[in-house]
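Colleague: Data file work16.cif (mmCIF, C-alpha atoms) is appended below.
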```cif
data_model
#
loop_
_atom_site.group_PDB
_atom_site.id
_atom_site.type_symbol
_atom_site.label_atom_id
_atom_site.label_comp_id
_atom_site.auth_asym_id
_atom_site.auth_seq_id
_atom_site.Cartn_x
_atom_site.Cartn_y
_atom_site.Cartn_z
ATOM 1 C CA GLY D 1 82.376 90.029 100.767
ATOM 2 C CA ASP D 2 82.262 93.103 102.945
ATOM 3 C CA SER D 3 85.095 93.582 105.410
ATOM 4 C CA VAL D 4 86.840 96.128 107.619
ATOM 5 C CA THR D 5 90.555 96.249 108.404
ATOM 6 C CA GLN D 6 91.957 98.521 111.064
ATOM 7 C CA THR D 7 95.258 99.229 112.803
ATOM 8 C CA GLU D 8 96.391 96.306 114.866
ATOM 9 C CA GLY D 9 96.850 97.244 118.483
ATOM 10 C CA PRO D 10 97.763 97.961 121.066
ATOM 11 C CA VAL D 11 98.632 101.520 120.145
ATOM 12 C CA THR D 12 100.466 103.428 122.856
ATOM 13 C CA VAL D 13 100.819 107.207 122.779
ATOM 14 C CA SER D 14 101.663 109.832 125.350
ATOM 15 C CA GLU D 15 99.150 112.372 126.534
ATOM 16 C CA SER D 16 98.859 115.430 124.260
ATOM 17 C CA GLU D 17 100.349 113.553 121.285
ATOM 18 C CA SER D 18 98.428 113.129 118.056
ATOM 19 C CA LEU D 19 96.722 109.898 117.083
ATOM 20 C CA ILE D 20 95.675 108.150 113.923
ATOM 21 C CA ILE D 21 93.991 104.761 113.787
ATOM 22 C CA ASN D 22 93.705 103.474 110.246
ATOM 23 C CA CYS D 23 90.573 101.880 108.872
ATOM 24 C CA THR D 24 90.036 100.590 105.362
ATOM 25 C CA TYR D 25 86.995 98.808 104.091
ATOM 26 C CA SER D 26 85.819 96.586 101.297
ATOM 27 C CA ALA D 27 82.167 96.879 100.411
ATOM 28 C CA THR D 28 81.023 94.568 97.645
ATOM 29 C CA SER D 29 77.339 94.415 98.574
ATOM 30 C CA ILE D 30 76.756 98.166 98.704
ATOM 31 C CA ALA D 31 78.288 101.036 96.762
ATOM 32 C CA TYR D 32 78.078 103.645 99.511
ATOM 33 C CA PRO D 33 78.073 102.005 102.919
ATOM 34 C CA ASN D 34 77.545 103.995 106.089
ATOM 35 C CA LEU D 35 80.740 104.137 108.141
ATOM 36 C CA PHE D 36 81.042 104.193 111.909
ATOM 37 C CA TRP D 37 83.534 104.436 114.738
ATOM 38 C CA TYR D 38 82.482 102.858 118.021
ATOM 39 C CA VAL D 39 84.459 103.011 121.276
ATOM 40 C CA ARG D 40 84.445 100.727 124.293
ATOM 41 C CA TYR D 41 85.755 102.102 127.571
ATOM 42 C CA PRO D 42 86.835 99.624 130.263
ATOM 43 C CA GLY D 43 83.870 97.872 131.849
ATOM 44 C CA GLU D 44 81.339 99.417 129.491
ATOM 45 C CA GLY D 45 79.534 98.502 126.286
ATOM 46 C CA LEU D 46 80.427 99.855 122.875
ATOM 47 C CA GLN D 47 79.103 103.325 122.175
ATOM 48 C CA LEU D 48 78.905 105.279 118.964
ATOM 49 C CA LEU D 49 81.724 107.779 118.588
ATOM 50 C CA LEU D 50 80.889 109.089 115.130
ATOM 51 C CA LYS D 51 79.070 108.158 111.961
ATOM 52 C CA VAL D 52 79.346 109.358 108.368
ATOM 53 C CA ILE D 53 76.884 108.342 105.675
ATOM 54 C CA THR D 54 78.057 110.477 102.744
ATOM 55 C CA ALA D 55 81.306 109.978 100.872
ATOM 56 C CA GLY D 56 83.602 112.971 101.190
ATOM 57 C CA GLN D 57 82.095 114.111 104.464
ATOM 58 C CA LYS D 58 83.838 114.317 107.818
ATOM 59 C CA GLY D 59 82.408 113.302 111.159
ATOM 60 C CA SER D 60 83.668 114.592 114.481
ATOM 61 C CA SER D 61 83.010 113.978 118.154
ATOM 62 C CA ARG D 62 84.902 114.512 121.415
ATOM 63 C CA GLY D 63 87.885 115.884 119.474
ATOM 64 C CA PHE D 64 88.044 112.859 117.176
ATOM 65 C CA GLU D 65 87.383 113.116 113.472
ATOM 66 C CA ALA D 66 87.198 110.799 110.493
ATOM 67 C CA THR D 67 86.689 111.478 106.787
ATOM 68 C CA TYR D 68 84.825 109.105 104.492
ATOM 69 C CA ASN D 69 87.161 108.627 101.523
ATOM 70 C CA LYS D 70 85.572 106.530 98.822
ATOM 71 C CA GLU D 71 88.592 106.716 96.506
ATOM 72 C CA THR D 72 90.921 105.104 99.022
ATOM 73 C CA THR D 73 88.089 103.203 100.797
ATOM 74 C CA SER D 74 89.341 104.575 104.084
ATOM 75 C CA PHE D 75 87.843 106.044 107.230
ATOM 76 C CA HIS D 76 90.833 106.814 109.463
ATOM 77 C CA LEU D 77 90.237 108.094 112.988
ATOM 78 C CA GLN D 78 92.344 111.055 114.090
ATOM 79 C CA LYS D 79 92.783 113.227 117.127
ATOM 80 C CA ALA D 80 95.212 116.109 117.452
ATOM 81 C CA SER D 81 95.894 115.747 121.167
ATOM 82 C CA VAL D 82 94.870 112.656 123.123
ATOM 83 C CA GLN D 83 94.065 112.484 126.809
ATOM 84 C CA GLU D 84 94.503 109.659 129.248
ATOM 85 C CA SER D 85 90.708 109.290 129.339
ATOM 86 C CA ASP D 86 90.769 108.335 125.646
ATOM 87 C CA SER D 87 92.257 104.959 126.564
ATOM 88 C CA ALA D 88 89.765 102.468 125.171
ATOM 89 C CA VAL D 89 89.147 100.027 122.337
ATOM 90 C CA TYR D 90 88.097 101.631 119.052
ATOM 91 C CA TYR D 91 86.079 99.764 116.419
ATOM 92 C CA CYS D 92 85.579 100.760 112.817
ATOM 93 C CA ALA D 93 82.379 99.414 111.227
ATOM 94 C CA LEU D 94 80.419 99.559 108.018
ATOM 95 C CA GLY D 95 76.744 99.108 107.366
ATOM 96 C CA ARG D 96 75.822 96.458 104.852
ATOM 97 C CA ALA D 97 73.304 96.754 102.063
ATOM 98 C CA GLY D 98 69.636 96.809 102.790
ATOM 99 C CA ASN D 99 67.626 98.160 105.634
ATOM 100 C CA THR D 100 68.733 95.437 107.994
ATOM 101 C CA GLY D 101 70.715 97.219 110.652
ATOM 102 C CA LYS D 102 73.526 94.723 110.285
ATOM 103 C CA LEU D 103 77.029 96.096 110.744
ATOM 104 C CA ILE D 104 80.432 94.608 110.003
ATOM 105 C CA PHE D 105 83.027 95.449 112.633
ATOM 106 C CA GLY D 106 86.789 95.531 112.480
ATOM 107 C CA LEU D 107 88.817 93.692 115.102
ATOM 108 C CA GLY D 108 89.151 96.725 117.319
ATOM 109 C CA THR D 109 92.252 98.747 118.202
ATOM 110 C CA THR D 110 93.284 99.104 121.819
ATOM 111 C CA LEU D 111 94.571 102.593 122.586
ATOM 112 C CA GLN D 112 96.663 103.180 125.669
ATOM 113 C CA VAL D 113 97.426 106.788 126.522
ATOM 114 C CA GLN D 114 100.311 107.270 128.921
ATOM 115 C CA PRO D 115 100.256 110.239 131.295
ATOM 116 C CA ASP G 1 68.278 106.784 131.210
ATOM 117 C CA MET G 2 69.224 104.970 128.002
ATOM 118 C CA LYS G 3 70.612 101.651 128.993
ATOM 119 C CA VAL G 4 71.158 98.110 127.801
ATOM 120 C CA THR G 5 71.654 95.687 130.657
ATOM 121 C CA GLN G 6 73.121 92.229 130.327
ATOM 122 C CA MET G 7 72.921 89.504 132.909
ATOM 123 C CA PRO G 8 74.975 87.824 134.104
ATOM 124 C CA ARG G 9 78.278 89.603 133.498
ATOM 125 C CA TYR G 10 80.330 86.469 134.037
ATOM 126 C CA LEU G 11 79.266 82.851 133.684
ATOM 127 C CA ILE G 12 81.041 79.510 133.882
ATOM 128 C CA LYS G 13 79.282 76.430 132.552
ATOM 129 C CA ARG G 14 80.215 72.848 131.806
ATOM 130 C CA MET G 15 79.993 71.410 128.320
ATOM 131 C CA GLY G 16 76.513 70.078 127.688
ATOM 132 C CA GLU G 17 74.772 72.409 130.094
ATOM 133 C CA ASN G 18 72.124 74.846 128.948
ATOM 134 C CA VAL G 19 72.919 78.541 129.039
ATOM 135 C CA LEU G 20 70.592 81.515 129.180
ATOM 136 C CA LEU G 21 71.909 85.019 128.585
ATOM 137 C CA GLU G 22 69.502 87.844 129.220
ATOM 138 C CA CYS G 23 69.380 91.344 127.848
ATOM 139 C CA GLY G 24 67.108 94.244 128.646
ATOM 140 C CA GLN G 25 66.751 97.753 127.307
ATOM 141 C CA ASP G 26 64.759 100.708 128.562
ATOM 142 C CA MET G 27 64.489 102.676 125.323
ATOM 143 C CA SER G 28 61.587 100.804 123.687
ATOM 144 C CA HIS G 29 63.849 100.026 120.733
ATOM 145 C CA GLU G 30 62.289 97.735 118.164
ATOM 146 C CA THR G 31 65.524 96.098 117.046
ATOM 147 C CA MET G 32 67.842 94.072 119.224
ATOM 148 C CA TYR G 33 70.989 92.094 118.460
ATOM 149 C CA TRP G 34 73.265 89.449 119.865
ATOM 150 C CA TYR G 35 76.958 89.525 118.924
ATOM 151 C CA ARG G 36 79.919 87.508 120.090
ATOM 152 C CA GLN G 37 83.531 88.568 120.102
ATOM 153 C CA ASP G 38 86.548 86.299 120.129
ATOM 154 C CA PRO G 39 90.251 87.143 120.144
ATOM 155 C CA GLY G 40 91.402 87.957 116.619
ATOM 156 C CA LEU G 41 87.855 88.263 115.337
ATOM 157 C CA GLY G 42 85.571 91.230 115.104
ATOM 158 C CA LEU G 43 82.114 91.250 116.558
ATOM 159 C CA GLN G 44 80.076 88.588 114.809
ATOM 160 C CA LEU G 45 76.312 88.854 114.560
ATOM 161 C CA ILE G 46 74.473 85.831 115.930
ATOM 162 C CA TYR G 47 70.835 86.923 115.734
ATOM 163 C CA ILE G 48 68.843 90.050 115.110
ATOM 164 C CA SER G 49 65.309 90.694 116.307
ATOM 165 C CA TYR G 50 63.146 93.296 114.608
ATOM 166 C CA ASP G 51 60.439 93.161 117.262
ATOM 167 C CA VAL G 52 58.553 90.681 119.439
ATOM 168 C CA ASP G 53 58.677 87.203 117.884
ATOM 169 C CA SER G 54 60.331 88.598 114.737
ATOM 170 C CA ASN G 55 63.803 87.128 114.783
ATOM 171 C CA SER G 56 66.309 86.616 111.999
ATOM 172 C CA GLU G 57 69.552 84.695 111.787
ATOM 173 C CA GLY G 58 72.758 86.637 111.665
ATOM 174 C CA ASP G 59 76.067 85.389 110.362
ATOM 175 C CA ILE G 60 76.759 82.659 112.933
ATOM 176 C CA PRO G 61 73.429 81.360 114.304
ATOM 177 C CA LYS G 62 74.394 77.694 114.558
ATOM 178 C CA GLY G 63 74.212 76.420 118.117
ATOM 179 C CA TYR G 64 72.123 79.342 119.338
ATOM 180 C CA ARG G 65 68.500 80.285 119.574
ATOM 181 C CA VAL G 66 66.793 83.422 120.774
ATOM 182 C CA SER G 67 63.577 84.485 122.384
ATOM 183 C CA ARG G 68 61.861 87.853 122.327
ATOM 184 C CA LYS G 69 58.488 87.848 124.031
ATOM 185 C CA LYS G 70 58.600 91.465 125.176
ATOM 186 C CA ARG G 71 60.076 94.394 123.307
ATOM 187 C CA GLU G 72 62.361 95.190 126.245
ATOM 188 C CA HIS G 73 63.906 91.734 126.595
ATOM 189 C CA PHE G 74 65.966 89.578 124.262
ATOM 190 C CA SER G 75 67.379 86.265 125.404
ATOM 191 C CA LEU G 76 70.133 84.146 123.904
ATOM 192 C CA ILE G 77 69.934 80.414 124.606
ATOM 193 C CA LEU G 78 72.640 77.828 124.167
ATOM 194 C CA ASP G 79 71.191 74.336 124.314
ATOM 195 C CA SER G 80 73.947 71.960 125.373
ATOM 196 C CA ALA G 81 76.830 74.423 125.368
ATOM 197 C CA LYS G 82 80.069 73.593 123.623
ATOM 198 C CA THR G 83 83.581 74.643 124.528
ATOM 199 C CA ASN G 84 83.883 76.643 121.293
ATOM 200 C CA GLN G 85 81.062 78.843 122.515
ATOM 201 C CA THR G 86 83.372 80.317 125.117
ATOM 202 C CA SER G 87 83.313 83.987 124.216
ATOM 203 C CA VAL G 88 82.215 87.460 125.180
ATOM 204 C CA TYR G 89 78.617 88.083 124.192
ATOM 205 C CA PHE G 90 77.259 91.539 123.531
ATOM 206 C CA CYS G 91 73.643 92.556 123.299
ATOM 207 C CA ALA G 92 72.642 95.731 121.497
ATOM 208 C CA SER G 93 69.517 97.619 120.558
ATOM 209 C CA SER G 94 68.580 100.305 118.081
ATOM 210 C CA PHE G 95 65.607 102.429 117.120
ATOM 211 C CA GLY G 96 64.456 100.805 113.911
ATOM 212 C CA SER G 97 66.884 98.880 111.751
ATOM 213 C CA SER G 98 68.119 101.385 109.189
ATOM 214 C CA GLN G 99 71.626 101.489 110.623
ATOM 215 C CA ASN G 100 70.705 103.847 113.394
ATOM 216 C CA THR G 101 72.936 104.056 116.425
ATOM 217 C CA LEU G 102 73.411 100.775 118.249
ATOM 218 C CA TYR G 103 73.405 100.855 122.034
ATOM 219 C CA PHE G 104 75.422 98.061 123.570
ATOM 220 C CA GLY G 105 75.425 96.291 126.880
ATOM 221 C CA ALA G 106 78.667 95.772 128.773
ATOM 222 C CA GLY G 107 78.909 92.152 127.688
ATOM 223 C CA THR G 108 78.731 88.701 129.258
ATOM 224 C CA ARG G 109 81.912 86.689 129.488
ATOM 225 C CA LEU G 110 80.958 83.020 129.111
ATOM 226 C CA SER G 111 83.366 80.185 129.760
ATOM 227 C CA VAL G 112 82.311 76.674 128.773
ATOM 228 C CA LEU G 113 84.576 74.078 130.361
#
```
So, in terms of structure tokens, how does the structure I just supplied come out?
Modeller:
Amino acid sequence: GDSVTQTEGPVTVSESESLIINCTYSATSIAYPNLFWYVRYPGEGLQLLLKVITAGQKGSSRGFEATYNKETTSFHLQKASVQESDSAVYYCALGRAGNTGKLIFGLGTTLQVQP
Amino acid sequence: DMKVTQMPRYLIKRMGENVLLECGQDMSHETMYWYRQDPGLGLQLIYISYDVDSNSEGDIPKGYRVSRKKREHFSLILDSAKTNQTSVYFCASSFGSSQNTLYFGAGTRLSVL
């Protein structure tokens, strides 16, 4: 079946350091799934960080970027220089086949940025 | 203001009691969702609603039912709650269902004792 695997947290980095959170996917029900990164800040609901629907393309938002790599079935999230305000839980997700709106989420990766 | 509101935020119930979780959105989104999240598990889809009285089971519907009588409101009902339904429940909405952006509420933490 379809699944998403991402870096197990918590991930702790110091402010201004670079970050990578790995995400790999398995999509058996759809050849080219849409891929998403959602983020949940403390006390808030999940919100879309970025979305890529075409293999080979890169999405970016708020200094974060992720490239849809169909060959390695990966969608790693990267940021060159993190800030304390980036501390949150990050979720990788893929959209399943059909026009159903159903997403499969990874377990989430807690990021803690130290000042 | 685009918002999904969940009530209550925290709830403690005894096993066998009925539970009602409410969700509202102010964006006139057709599609609404209920997910639950447990430690070590990703968000799991319980039910999806494509519009008023147009509901569909998700991946883990057993033990739950839903009600959508107005586009803005989507309720999750647990009849005779069980201890294994202790979880954090998230409501979400989207414009249409073609994997458009989901807007999530802040979640309801339910404890069933």
Colleague: Give as a VMD selection string the residues that the PyMOL selection byres ((chain D and resi 90-96) around 9) matches when applied to the coordinates above.
Modeller: (chain D and resid 2 to 6 21 to 25 27 29 to 30 33 to 41 46 49 75 to 77 88 to 89 97 to 111) or (chain G and resid 42 99)
Colleague: May I have the selected residues written with C-alpha atoms, as a short mmCIF file (atom, residue, chain, number, x, y, z; two decimals), keeping the file's coordinate frame?
Modeller:
```
data_model
loop_
_atom_site.label_atom_id
_atom_site.label_comp_id
_atom_site.auth_asym_id
_atom_site.auth_seq_id
_atom_site.Cartn_x
_atom_site.Cartn_y
_atom_site.Cartn_z
CA ASP D 2 82.26 93.10 102.94
CA SER D 3 85.10 93.58 105.41
CA VAL D 4 86.84 96.13 107.62
CA THR D 5 90.56 96.25 108.40
CA GLN D 6 91.96 98.52 111.06
CA ILE D 21 93.99 104.76 113.79
CA ASN D 22 93.70 103.47 110.25
CA CYS D 23 90.57 101.88 108.87
CA THR D 24 90.04 100.59 105.36
CA TYR D 25 87.00 98.81 104.09
CA ALA D 27 82.17 96.88 100.41
CA SER D 29 77.34 94.42 98.57
CA ILE D 30 76.76 98.17 98.70
CA PRO D 33 78.07 102.00 102.92
CA ASN D 34 77.54 104.00 106.09
CA LEU D 35 80.74 104.14 108.14
CA PHE D 36 81.04 104.19 111.91
CA TRP D 37 83.53 104.44 114.74
CA TYR D 38 82.48 102.86 118.02
CA VAL D 39 84.46 103.01 121.28
CA ARG D 40 84.44 100.73 124.29
CA TYR D 41 85.76 102.10 127.57
CA LEU D 46 80.43 99.86 122.88
CA LEU D 49 81.72 107.78 118.59
CA PHE D 75 87.84 106.04 107.23
CA HIS D 76 90.83 106.81 109.46
CA LEU D 77 90.24 108.09 112.99
CA ALA D 88 89.76 102.47 125.17
CA VAL D 89 89.15 100.03 122.34
CA ALA D 97 73.30 96.75 102.06
CA GLY D 98 69.64 96.81 102.79
CA ASN D 99 67.63 98.16 105.63
CA THR D 100 68.73 95.44 107.99
CA GLY D 101 70.72 97.22 110.65
CA LYS D 102 73.53 94.72 110.28
CA LEU D 103 77.03 96.10 110.74
CA ILE D 104 80.43 94.61 110.00
CA PHE D 105 83.03 95.45 112.63
CA GLY D 106 86.79 95.53 112.48
CA LEU D 107 88.82 93.69 115.10
CA GLY D 108 89.15 96.72 117.32
CA THR D 109 92.25 98.75 118.20
CA THR D 110 93.28 99.10 121.82
CA LEU D 111 94.57 102.59 122.59
CA GLY G 42 85.57 91.23 115.10
CA GLN G 99 71.63 101.49 110.62
#
```
Colleague: Between G:Ala92, G:Ile12, G:Lys70, G:Ser111, which one has atoms that come closest to chain D, using all atoms listed in the file?
Modeller: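 Result for the nearest residue to chain D: G:Ala92.
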Colleague: Quick one: which chain G residues come within 8 Å of chain D, and what is the nearest atom pair for each with the distance in Å to one decimal, counting all atoms listed in the file, rows ordered by chain and ascending number, as JSON lines?
Modeller:
```
{"residue": "G:Gly40", "atom": "CA", "partner": "D:Leu107", "partner_atom": "CA", "distance": 6.5}
{"residue": "G:Leu41", "atom": "CA", "partner": "D:Leu107", "partner_atom": "CA", "distance": 5.5}
{"residue": "G:Gly42", "atom": "CA", "partner": "D:Leu107", "partner_atom": "CA", "distance": 4.1}
{"residue": "G:Leu43", "atom": "CA", "partner": "D:Phe105", "partner_atom": "CA", "distance": 5.8}
{"residue": "G:Gln44", "atom": "CA", "partner": "D:Ile104", "partner_atom": "CA", "distance": 7.7}
{"residue": "G:Leu45", "atom": "CA", "partner": "D:Lys102", "partner_atom": "CA", "distance": 7.8}
{"residue": "G:Phe90", "atom": "CA", "partner": "D:Gly45", "partner_atom": "CA", "distance": 7.8}
{"residue": "G:Gly96", "atom": "CA", "partner": "D:Gly101", "partner_atom": "CA", "distance": 7.9}
{"residue": "G:Ser97", "atom": "CA", "partner": "D:Gly101", "partner_atom": "CA", "distance": 4.3}
{"residue": "G:Ser98", "atom": "CA", "partner": "D:Asn99", "partner_atom": "CA", "distance": 4.8}
{"residue": "G:Gln99", "atom": "CA", "partner": "D:Gly101", "partner_atom": "CA", "distance": 4.4}
{"residue": "G:Asn100", "atom": "CA", "partner": "D:Gly101", "partner_atom": "CA", "distance": 7.2}
{"residue": "G:Thr101", "atom": "CA", "partner": "D:Leu48", "partner_atom": "CA", "distance": 6.6}
{"residue": "G:Leu102", "atom": "CA", "partner": "D:Leu48", "partner_atom": "CA", "distance": 7.1}
{"residue": "G:Tyr103", "atom": "CA", "partner": "D:Gln47", "partner_atom": "CA", "distance": 6.2}
{"residue": "G:Phe104", "atom": "CA", "partner": "D:Gly45", "partner_atom": "CA", "distance": 4.9}
{"residue": "G:Gly105", "atom": "CA", "partner": "D:Gly45", "partner_atom": "CA", "distance": 4.7}
{"residue": "G:Ala106", "atom": "CA", "partner": "D:Gly45", "partner_atom": "CA", "distance": 3.8}
{"residue": "G:Gly107", "atom": "CA", "partner": "D:Gly45", "partner_atom": "CA", "distance": 6.5}
```
Colleague: By how many Å are CA of His29 (chain G) and CA of Pro8 (chain G) apart?
Modeller: 21.2 Å
Colleague: Between G:Val112, G:Met15, G:Met27, G:Met32, which is the closest to Val88 (chain G) once you count all atoms listed in the file?
Modeller: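 Of the candidates, the smallest distance to Val88 (chain G) is held by G:Val112.
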Colleague: CA of Glu17 (chain G) to CA of Tyr50 (chain G): how many Å, to one decimal?
Modeller: 28.5 Å
Colleague: Quick check, in Å to one decimal: how far apart do CA of Gln6 (chain G) and CA of Leu21 (chain G) lie?
Modeller: 7.5 Å
Colleague: Give, as lines of an AutoDock Vina configuration file, the centre coordinates and the x, y and z edge lengths in Å to one decimal for an axis-aligned box around all listed atoms of region 66-84 of chain D, padded by 4 Å on each side.
Modeller:
```
center_x = 90.4
center_y = 109.7
center_z = 112.9
size_x = 19.1
size_y = 20.9
size_z = 40.7
```
Colleague: Would you write out, as a list of chain:residue names, every residue that the PyMOL selection byres ((chain D and resi 67) around 10) captures in this file?
Modeller: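 Answer for the PyMOL selection byres ((chain D and resi 67) around 10): D:Leu35, D:Lys51, D:Val52, D:Thr54, D:Ala55, D:Gly56, D:Gln57, D:Lys58, D:Gly59, D:Ser60, D:Glu65, D:Ala66, D:Tyr68, D:Asn69, D:Lys70, D:Ser74, D:Phe75, D:His76, D:Leu77, D:Gln78.
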Colleague: Pick the closest to Lys62 (chain G) from G:Phe74, G:Phe95, G:Tyr10, G:Tyr47: which is it, counting only C-alpha atoms?
Modeller: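 Residue with the minimum atom-to-atom distance to Lys62 (chain G): G:Tyr47.
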